[in-house]
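Data file: work32.cif. Format and content: mmCIF, C-alpha atoms and all ligand atoms.
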```cif
data_query
loop_
_atom_site.label_atom_id
_atom_site.label_comp_id
_atom_site.auth_asym_id
_atom_site.auth_seq_id
_atom_site.Cartn_x
_atom_site.Cartn_y
_atom_site.Cartn_z
CA MET A 1 13.92 17.28 -1.12
CA PRO A 2 12.92 20.94 -1.03
CA GLY A 3 11.00 22.33 -4.00
CA CYS A 4 9.97 25.83 -5.03
CA CYS A 5 6.38 25.03 -6.01
CA GLU A 6 5.31 22.85 -3.09
CA PRO A 7 2.31 23.81 -1.01
CA GLN A 8 3.59 25.74 1.99
CA GLY A 9 2.90 25.76 5.71
CA TYR A 10 1.79 22.14 6.21
CA ASP A 11 3.92 22.16 9.36
CA ARG A 12 1.65 24.86 10.79
CA VAL A 13 -1.19 22.34 10.83
CA PHE A 14 0.75 19.09 11.08
CA ASP A 15 2.95 20.51 13.83
CA ASP A 16 4.85 19.28 16.95
CA ARG A 17 1.67 19.22 18.99
CA GLU A 18 -0.12 17.09 16.42
CA ALA A 19 2.93 14.79 16.23
CA ARG A 20 3.00 14.31 20.01
CA ARG A 21 -0.76 13.70 20.06
CA ALA A 22 -0.49 11.08 17.29
CA ALA A 23 2.42 9.32 19.04
CA ARG A 24 0.51 9.23 22.36
CA ARG A 25 -2.54 7.77 20.60
CA TYR A 26 -0.45 5.11 18.83
CA ARG A 27 1.33 4.09 22.04
CA ARG A 28 -2.00 3.87 23.84
CA SER A 29 -4.17 2.11 21.25
CA GLY A 30 -2.13 1.18 18.18
CA LEU A 31 -2.87 2.07 14.58
CA THR A 32 -6.01 3.86 13.44
CA VAL A 33 -8.55 1.95 11.34
CA LEU A 34 -7.23 2.42 7.79
CA PRO A 35 -3.53 1.68 8.29
CA ARG A 36 -4.50 -1.20 10.59
CA ARG A 37 -6.62 -2.67 7.80
CA THR A 38 -3.65 -2.71 5.43
CA VAL A 39 -1.37 -4.35 7.98
CA GLU A 40 -4.00 -7.04 8.61
CA LEU A 41 -4.17 -7.77 4.88
CA TYR A 42 -0.43 -8.02 4.51
CA ARG A 43 -0.06 -10.15 7.61
CA ALA A 44 -2.23 -12.70 5.85
CA GLY A 45 -0.01 -12.50 2.77
CA GLU A 46 3.69 -12.69 2.15
CA VAL A 47 5.65 -9.44 2.41
CA SER A 48 8.77 -10.85 3.89
CA GLY A 49 11.74 -8.84 2.64
CA ALA A 50 9.59 -6.33 0.73
CA THR A 51 10.36 -2.61 0.54
CA LEU A 52 7.84 0.09 1.44
CA LEU A 53 7.28 3.78 0.75
CA GLU A 54 4.81 5.53 3.02
CA VAL A 55 3.70 8.87 1.57
CA GLY A 56 2.33 11.41 4.05
CA ALA A 57 3.71 9.17 6.75
CA GLY A 58 3.16 11.43 9.76
CA ILE A 59 4.80 9.72 12.74
CA GLY A 60 5.37 6.59 10.63
CA ASP A 61 3.39 4.24 12.89
CA PHE A 62 2.05 2.35 9.85
CA THR A 63 5.63 1.80 8.66
CA VAL A 64 6.62 0.41 12.07
CA GLU A 65 3.77 -2.11 11.96
CA MET A 66 4.45 -3.08 8.33
CA MET A 67 8.05 -3.82 9.30
CA ARG A 68 6.80 -5.99 12.14
CA ALA A 69 4.72 -7.78 9.47
CA GLY A 70 7.85 -8.55 7.46
CA VAL A 71 8.84 -5.49 5.41
CA ASP A 72 12.61 -5.16 5.30
CA ARG A 73 13.33 -1.49 4.48
CA ALA A 74 11.15 1.60 4.25
CA THR A 75 11.11 5.26 3.31
CA CYS A 76 8.69 7.72 4.92
CA VAL A 77 7.99 10.99 3.11
CA ASP A 78 6.00 13.88 4.55
CA LEU A 79 5.52 17.50 3.62
CA SER A 80 5.82 18.42 7.29
CA GLY A 81 9.12 18.03 9.11
CA ALA A 82 7.38 18.44 12.47
CA TYR A 83 6.85 14.68 12.79
CA ASP A 84 10.53 13.79 12.58
CA HIS A 85 11.30 13.89 16.30
CA ALA A 86 8.32 11.75 17.35
CA ALA A 87 8.97 9.40 14.42
CA ALA A 88 12.63 8.96 15.39
CA GLU A 89 11.61 8.06 18.96
CA LEU A 90 9.16 5.42 17.74
CA LEU A 91 11.73 3.90 15.37
CA THR A 92 14.38 3.77 18.09
CA GLU A 93 11.95 2.15 20.54
CA ALA A 94 11.08 -0.46 17.91
CA GLY A 95 14.76 -1.06 17.02
CA LEU A 96 14.07 -0.11 13.40
CA ALA A 97 15.93 3.19 13.03
CA ALA A 98 18.65 1.75 10.77
CA ARG A 99 16.12 0.37 8.27
CA VAL A 100 13.90 3.42 7.77
CA GLN A 101 14.76 6.61 5.94
CA ARG A 102 12.71 9.78 6.51
CA VAL A 103 12.39 12.48 3.86
CA VAL A 104 10.69 15.87 4.19
CA GLY A 105 9.11 17.12 0.98
CA ASP A 106 6.37 16.85 -1.60
CA LEU A 107 6.36 13.40 -3.22
CA ALA A 108 4.13 14.70 -6.03
CA ALA A 109 6.66 17.37 -6.96
CA GLN A 110 9.73 15.16 -6.83
CA PRO A 111 8.90 11.46 -7.15
CA ASP A 112 12.39 10.66 -8.44
CA ALA A 113 13.89 11.71 -5.11
CA VAL A 114 12.93 8.31 -3.70
CA GLU A 115 13.78 4.86 -5.02
CA PRO A 116 11.08 2.55 -6.42
CA VAL A 117 9.81 0.01 -3.87
CA ASP A 118 7.48 -3.00 -3.73
CA ILE A 119 4.61 -1.33 -1.86
CA VAL A 120 3.58 2.32 -1.80
CA ALA A 121 0.92 3.39 0.71
CA LEU A 122 -0.98 6.65 1.13
CA HIS A 123 -3.33 6.67 4.11
CA SER A 124 -5.50 9.77 4.44
CA VAL A 125 -3.06 11.75 2.30
CA VAL A 126 -4.80 12.32 -1.03
CA CYS A 127 -7.42 14.38 0.84
CA CYS A 128 -4.57 16.61 2.08
CA TYR A 129 -3.26 17.48 -1.37
CA PRO A 130 -4.85 19.76 -3.99
CA ASP A 131 -4.00 17.66 -7.07
CA ALA A 132 -5.03 14.03 -6.56
CA ARG A 133 -4.01 12.92 -10.04
CA ARG A 134 -0.52 14.35 -9.72
CA LEU A 135 0.03 12.74 -6.32
CA LEU A 136 -1.33 9.34 -7.39
CA THR A 137 0.73 9.38 -10.59
CA ALA A 138 3.87 10.18 -8.63
CA ALA A 139 3.16 7.53 -6.00
CA ALA A 140 2.37 4.90 -8.65
CA SER A 141 5.66 5.64 -10.41
CA ARG A 142 7.47 4.45 -7.26
CA ALA A 143 5.42 1.24 -6.81
CA ARG A 144 6.76 -1.94 -8.38
CA ARG A 145 3.95 -4.17 -7.08
CA PHE A 146 1.26 -2.68 -4.84
CA LEU A 147 -0.33 0.72 -4.39
CA VAL A 148 -2.52 1.14 -1.30
CA VAL A 149 -4.64 4.24 -0.92
CA SER A 150 -7.32 5.32 1.52
CA PHE A 151 -9.46 8.41 1.11
CA PRO A 152 -12.70 9.90 2.44
CA ARG A 153 -16.04 9.02 0.89
CA GLY A 154 -17.95 11.63 -1.10
CA TRP A 155 -20.41 12.63 1.60
CA LEU A 156 -17.55 14.08 3.67
CA ARG A 157 -17.38 16.91 1.13
CA LEU A 158 -19.97 18.61 3.32
CA TRP A 159 -17.42 18.77 6.12
CA ALA A 160 -14.62 20.39 4.08
CA PRO A 161 -15.61 24.08 4.47
CA VAL A 162 -15.62 23.72 8.27
CA SER A 163 -12.32 21.86 8.51
CA ASN A 164 -10.66 24.41 6.23
CA ILE A 165 -11.27 27.35 8.58
CA TYR A 166 -8.37 26.30 10.83
CA PRO A 167 -5.64 26.10 8.13
CA ARG A 168 -6.76 29.44 6.72
CA LEU A 169 -6.34 31.02 10.15
CA ARG A 170 -2.92 29.38 10.53
CA GLY A 171 -1.76 30.67 7.13
CA SER A 172 -1.23 27.15 5.77
CA ASP A 173 -1.85 26.01 2.18
CA TRP A 174 -3.21 22.72 3.52
CA ARG A 175 -6.87 22.10 2.75
CA PHE A 176 -9.08 19.08 3.32
CA VAL A 177 -10.26 18.06 -0.17
CA VAL A 178 -12.63 15.21 -0.99
CA HIS A 179 -11.50 14.30 -4.48
CA PRO A 180 -13.86 12.24 -6.66
CA ARG A 181 -13.01 8.55 -6.26
CA GLU A 182 -13.04 8.27 -10.08
CA THR A 183 -10.12 10.73 -10.27
CA ILE A 184 -8.11 8.64 -7.83
CA LEU A 185 -8.87 5.27 -9.39
CA GLN A 186 -8.41 6.56 -12.94
CA ALA A 187 -4.99 8.02 -12.10
CA ALA A 188 -3.94 4.64 -10.71
CA ALA A 189 -5.37 2.81 -13.76
CA ASP A 190 -3.56 5.17 -16.14
CA ALA A 191 -0.34 4.42 -14.27
CA GLY A 192 -0.79 0.69 -14.92
CA PHE A 193 -2.59 -0.54 -11.78
CA GLU A 194 -5.76 -2.58 -11.40
CA VAL A 195 -7.95 -2.73 -8.33
CA GLN A 196 -7.43 -5.88 -6.32
CA ARG A 197 -9.64 -5.02 -3.35
CA ILE A 198 -11.93 -2.18 -2.37
CA GLU A 199 -13.43 -1.82 1.07
CA ARG A 200 -16.04 0.85 1.61
CA LEU A 201 -16.10 1.80 5.25
CA ARG A 202 -18.55 4.30 6.71
CA VAL A 203 -16.24 7.29 6.37
CA ASP A 204 -13.44 6.16 4.04
CA GLU A 205 -12.54 3.78 1.25
CA HIS A 206 -9.54 1.49 1.47
CA VAL A 207 -8.22 0.36 -1.91
CA VAL A 208 -5.44 -2.08 -2.79
CA LEU A 209 -4.17 -1.96 -6.37
CA VAL A 210 -1.67 -4.20 -8.09
CA ARG A 211 0.60 -3.40 -10.99
CA LEU A 212 -0.67 -5.11 -14.12
CA ASP A 213 2.78 -6.07 -15.35
CA ASP A 214 3.83 -7.41 -11.94
CA THR A 215 5.54 -10.70 -12.67
CA ASP A 216 6.44 -11.51 -9.08
CA PRO A 217 5.30 -15.11 -8.43
CA ARG A 218 4.00 -14.04 -4.99
CA ARG A 219 1.33 -11.94 -6.70
CA ALA A 220 -1.06 -14.86 -7.02
CA THR A 221 -1.01 -15.60 -3.33
CA THR A 222 -0.86 -12.13 -1.84
CA LEU A 223 -3.86 -10.09 -0.79
CA ASP A 224 -6.43 -12.13 -2.65
CA PRO A 225 -9.89 -11.34 -1.27
C1 LIG B 301 -3.97 13.51 7.64
S1 LIG B 301 -2.24 13.24 7.69
C2 LIG B 301 -2.19 11.47 7.67
C3 LIG B 301 -0.94 10.93 8.33
C4 LIG B 301 -0.86 9.40 8.33
N1 LIG B 301 -0.77 8.89 6.97
C5 LIG B 301 -2.03 8.79 9.06
O1 LIG B 301 -2.83 8.06 8.45
O2 LIG B 301 -2.13 9.04 10.28
C6 LIG B 301 -1.74 13.63 6.02
C7 LIG B 301 -0.25 13.80 5.89
O3 LIG B 301 0.09 13.81 4.50
C8 LIG B 301 1.13 14.74 4.28
N2 LIG B 301 1.13 15.06 2.83
C9 LIG B 301 0.13 15.56 2.10
N3 LIG B 301 0.47 15.68 0.80
C10 LIG B 301 1.75 15.21 0.71
C11 LIG B 301 2.68 15.08 -0.37
N4 LIG B 301 2.36 15.46 -1.61
N5 LIG B 301 3.91 14.56 -0.12
C12 LIG B 301 4.24 14.19 1.15
N6 LIG B 301 3.40 14.30 2.21
C13 LIG B 301 2.18 14.80 2.01
C14 LIG B 301 0.78 15.89 5.22
O4 LIG B 301 1.89 16.68 5.52
C15 LIG B 301 0.26 15.12 6.44
O5 LIG B 301 1.27 14.84 7.37
#
```
Would you mind writing the file out in structure tokens?
Ligand SMILES: C[S@@+](CC[C@H](N)C(=O)[O-])C[C@H]1O[C@@H](n2cnc3c(N)ncnc32)[C@H](O)[C@@H]1O
Amino acid sequence: MPGCCEPQGYDRVFDDREARRAARRYRRSGLTVLPRRTVELYRAGEVSGATLLEVGAGIGDFTVEMMRAGVDRATCVDLSGAYDHAAAELLTEAGLAARVQRVVGDLAAQPDAVEPVDIVALHSVVCCYPDARRLLTAAASRARRFLVVSFPRGWLRLWAPVSNIYPRLRGSDWRFVVHPRETILQAAADAGFEVQRIERLRVDEHVVLVRLDDTDPRRATTLDP
């Protein structure tokens, strides 16, 4: 889903080397903290047969684990195509290649390019995009039931100028941005979601939101704190 106004050069930062590094780390020690937290929550609930959209999916390791937890079909979108090879290897190893679609592009620019699903997740993605409201609104428009988002806490703003030296040198539009949590939560609220669970970790927040007009009977028993 190519678009004329997307931020450019994400694949200069999220490149083959980064993809190989992420795949090695996942094979060695499994998911990182935030995606792992979501999978643990959903393991306790009922996601059997659900559909998933992972935005900013990287190598798609979170998607693999969500499918092991019961998700039936998934779409992974990322602005960088450099992950596709490593992601395809992981899906083949897990026997899931036929049930996962990968799309390269900017979900915020073209939300309609992907079908609505039950669960939309964005782990460490909002901080990689300049317009948090636009991205959250787009992601929420694809979520029939749950929206899961993790993002850095405010104090990490101090770190942004340092981490943005590298993308500048690489000629990439990518910047690390610590958006105000109010912007993120308000965008989700305006799109019809209410917070079901917030976990404040040392570095990040992990938030599960549920669509207010979700009439699925499983709602009452899924992801309750
Ligand atoms: C820091 S990485 C996180 C990858 C993975 N979610 C994880 O937790 O390991 C952020 C990813 O989000 C992607 N990204 C940022 N904004 C995006 C957008 N609007 N649409 C699709 N992908 C996006 C970037 O290309 C990058 O691969």
| query | Neighbours of ligand LIG 301 (chain B) within 6 Å, counting all atoms listed in the file, as a list in words? | reply |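 Listed by chain and ascending number, the contacts are Tyr10, Phe14, Val55, Gly56, Ala57, Gly58, Val77, Asp78, Leu79, Ser80, Gly105, Asp106, Leu107, Ala108, His123, Ser124, Val125, Cys128, Tyr129 and Leu135 of chain A.
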| task | Might you pull out every residue within 9 Å of Ala69 in chain A, with only C-alpha atoms counted and same-chain residues fewer than 5 positions away left off, and present them as a PyMOL selection string? | result | chain A and resi 39-40+42-43+46-48+64
Output of the above residues as an mmCIF file, in the coordinates of the input, restricted to C-alpha atoms:
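Result file is selection-v1.cif:
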```
data_model
loop_
_atom_site.group_PDB
_atom_site.id
_atom_site.type_symbol
_atom_site.label_atom_id
_atom_site.label_comp_id
_atom_site.auth_asym_id
_atom_site.auth_seq_id
_atom_site.Cartn_x
_atom_site.Cartn_y
_atom_site.Cartn_z
ATOM 1 C CA VAL A 39 -1.370 -4.350 7.980
ATOM 2 C CA GLU A 40 -4.000 -7.040 8.610
ATOM 3 C CA TYR A 42 -0.430 -8.020 4.510
ATOM 4 C CA ARG A 43 -0.060 -10.150 7.610
ATOM 5 C CA GLU A 46 3.690 -12.690 2.150
ATOM 6 C CA VAL A 47 5.650 -9.440 2.410
ATOM 7 C CA SER A 48 8.770 -10.850 3.890
ATOM 8 C CA VAL A 64 6.620 0.410 12.070
#
```
Can you pull out the residues contacting Val126 in chain A? Cut-off 10 Å, using all atoms listed in the file, and skip same-chain residues under 3 positions away; I want them as a compact mmCIF listing (two decimals) with C-alpha atoms, in the frame of the given file.
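around_1.txt, written as the output of this step:
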```txt
# COMPACT_ATOMS: atom_id res chain seq x y z
CA VAL A 55 3.70 8.87 1.57
CA GLY A 56 2.33 11.41 4.05
CA LEU A 122 -0.98 6.65 1.13
CA HIS A 123 -3.33 6.67 4.11
CA TYR A 129 -3.26 17.48 -1.37
CA PRO A 130 -4.85 19.76 -3.99
CA ASP A 131 -4.00 17.66 -7.07
CA ALA A 132 -5.03 14.03 -6.56
CA ARG A 133 -4.01 12.92 -10.04
CA ARG A 134 -0.52 14.35 -9.72
CA LEU A 135 0.03 12.74 -6.32
CA LEU A 136 -1.33 9.34 -7.39
CA VAL A 149 -4.64 4.24 -0.92
CA SER A 150 -7.32 5.32 1.52
CA PHE A 151 -9.46 8.41 1.11
CA PRO A 152 -12.70 9.90 2.44
CA PHE A 176 -9.08 19.08 3.32
CA VAL A 177 -10.26 18.06 -0.17
CA VAL A 178 -12.63 15.21 -0.99
CA HIS A 179 -11.50 14.30 -4.48
CA ILE A 184 -8.11 8.64 -7.83
```
| request: Would you mind reading off the distance between CA of Glu18 in chain A and CA of Ala88 in chain A, one decimal, in Å? | output: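 Here the two named atoms are 15.2 Å from each other.
Distances here use all atoms listed in the file; by that measure, the residue among A:Arg153, A:Arg20, A:Arg36, A:Arg25 closest to Arg200 in chain A is A:Arg153.
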Can you pull out every residue within 10 Å of range 142-146 of chain A, counting all atoms listed in the file, but drop anything in the same chain fewer than 3 positions away, and send it as an mmCIF file with C-alpha atoms, keeping the file's coordinate frame?
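Contents of the output file selection.cif:
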```cif
data_model
loop_
_atom_site.group_PDB
_atom_site.id
_atom_site.type_symbol
_atom_site.label_atom_id
_atom_site.label_comp_id
_atom_site.auth_asym_id
_atom_site.auth_seq_id
_atom_site.Cartn_x
_atom_site.Cartn_y
_atom_site.Cartn_z
ATOM 1 C CA ALA A 50 9.590 -6.330 0.730
ATOM 2 C CA THR A 51 10.360 -2.610 0.540
ATOM 3 C CA LEU A 52 7.840 0.090 1.440
ATOM 4 C CA LEU A 53 7.280 3.780 0.750
ATOM 5 C CA LEU A 107 6.360 13.400 -3.220
ATOM 6 C CA PRO A 111 8.900 11.460 -7.150
ATOM 7 C CA ASP A 112 12.390 10.660 -8.440
ATOM 8 C CA ALA A 113 13.890 11.710 -5.110
ATOM 9 C CA VAL A 114 12.930 8.310 -3.700
ATOM 10 C CA GLU A 115 13.780 4.860 -5.020
ATOM 11 C CA PRO A 116 11.080 2.550 -6.420
ATOM 12 C CA VAL A 117 9.810 0.010 -3.870
ATOM 13 C CA ASP A 118 7.480 -3.000 -3.730
ATOM 14 C CA ILE A 119 4.610 -1.330 -1.860
ATOM 15 C CA VAL A 120 3.580 2.320 -1.800
ATOM 16 C CA ALA A 121 0.920 3.390 0.710
ATOM 17 C CA THR A 137 0.730 9.380 -10.590
ATOM 18 C CA ALA A 138 3.870 10.180 -8.630
ATOM 19 C CA ALA A 139 3.160 7.530 -6.000
ATOM 20 C CA VAL A 149 -4.640 4.240 -0.920
ATOM 21 C CA ALA A 191 -0.340 4.420 -14.270
ATOM 22 C CA PHE A 193 -2.590 -0.540 -11.780
ATOM 23 C CA GLU A 194 -5.760 -2.580 -11.400
ATOM 24 C CA VAL A 195 -7.950 -2.730 -8.330
ATOM 25 C CA GLN A 196 -7.430 -5.880 -6.320
ATOM 26 C CA VAL A 208 -5.440 -2.080 -2.790
ATOM 27 C CA LEU A 209 -4.170 -1.960 -6.370
ATOM 28 C CA VAL A 210 -1.670 -4.200 -8.090
ATOM 29 C CA ARG A 211 0.600 -3.400 -10.990
ATOM 30 C CA LEU A 212 -0.670 -5.110 -14.120
ATOM 31 C CA ASP A 213 2.780 -6.070 -15.350
ATOM 32 C CA ASP A 214 3.830 -7.410 -11.940
ATOM 33 C CA THR A 215 5.540 -10.700 -12.670
ATOM 34 C CA ASP A 216 6.440 -11.510 -9.080
ATOM 35 C CA ARG A 219 1.330 -11.940 -6.700
ATOM 36 C CA LEU A 223 -3.860 -10.090 -0.790
#
```
| said: Just to confirm, what's the straight-line distance from CA of Ala23 in chain A to CA of Glu199 in chain A in Å (one decimal)? | reply: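 Going from CA of Ala23 in chain A over to CA of Glu199 in chain A covers 26.4 Å.
Interatomic distance, CA of Ala97 in chain A to CA of Gly49 in chain A: 16.4 Å.
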| query | Taking into account only C-alpha atoms, which residue in the set A:Val103, A:Leu41, A:Leu91, A:Ala98 is nearest to Thr75 in chain A? | reply |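 Closest to Thr75 in chain A, using only C-alpha atoms: A:Val103.
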| query | Hey, which of A:Ile165, A:Val13, A:Val148, A:Ala22 ends up closest to Arg37 in chain A? Count all atoms listed in the file. | reply | A:Val148
| Nearest to Val207 in chain A among A:Val104, A:Arg27, A:Arg181, A:Glu6, with distances taken over all atoms listed in the file: which residue is it? |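 The shortest atom-to-atom distance to Val207 in chain A comes from A:Arg181.
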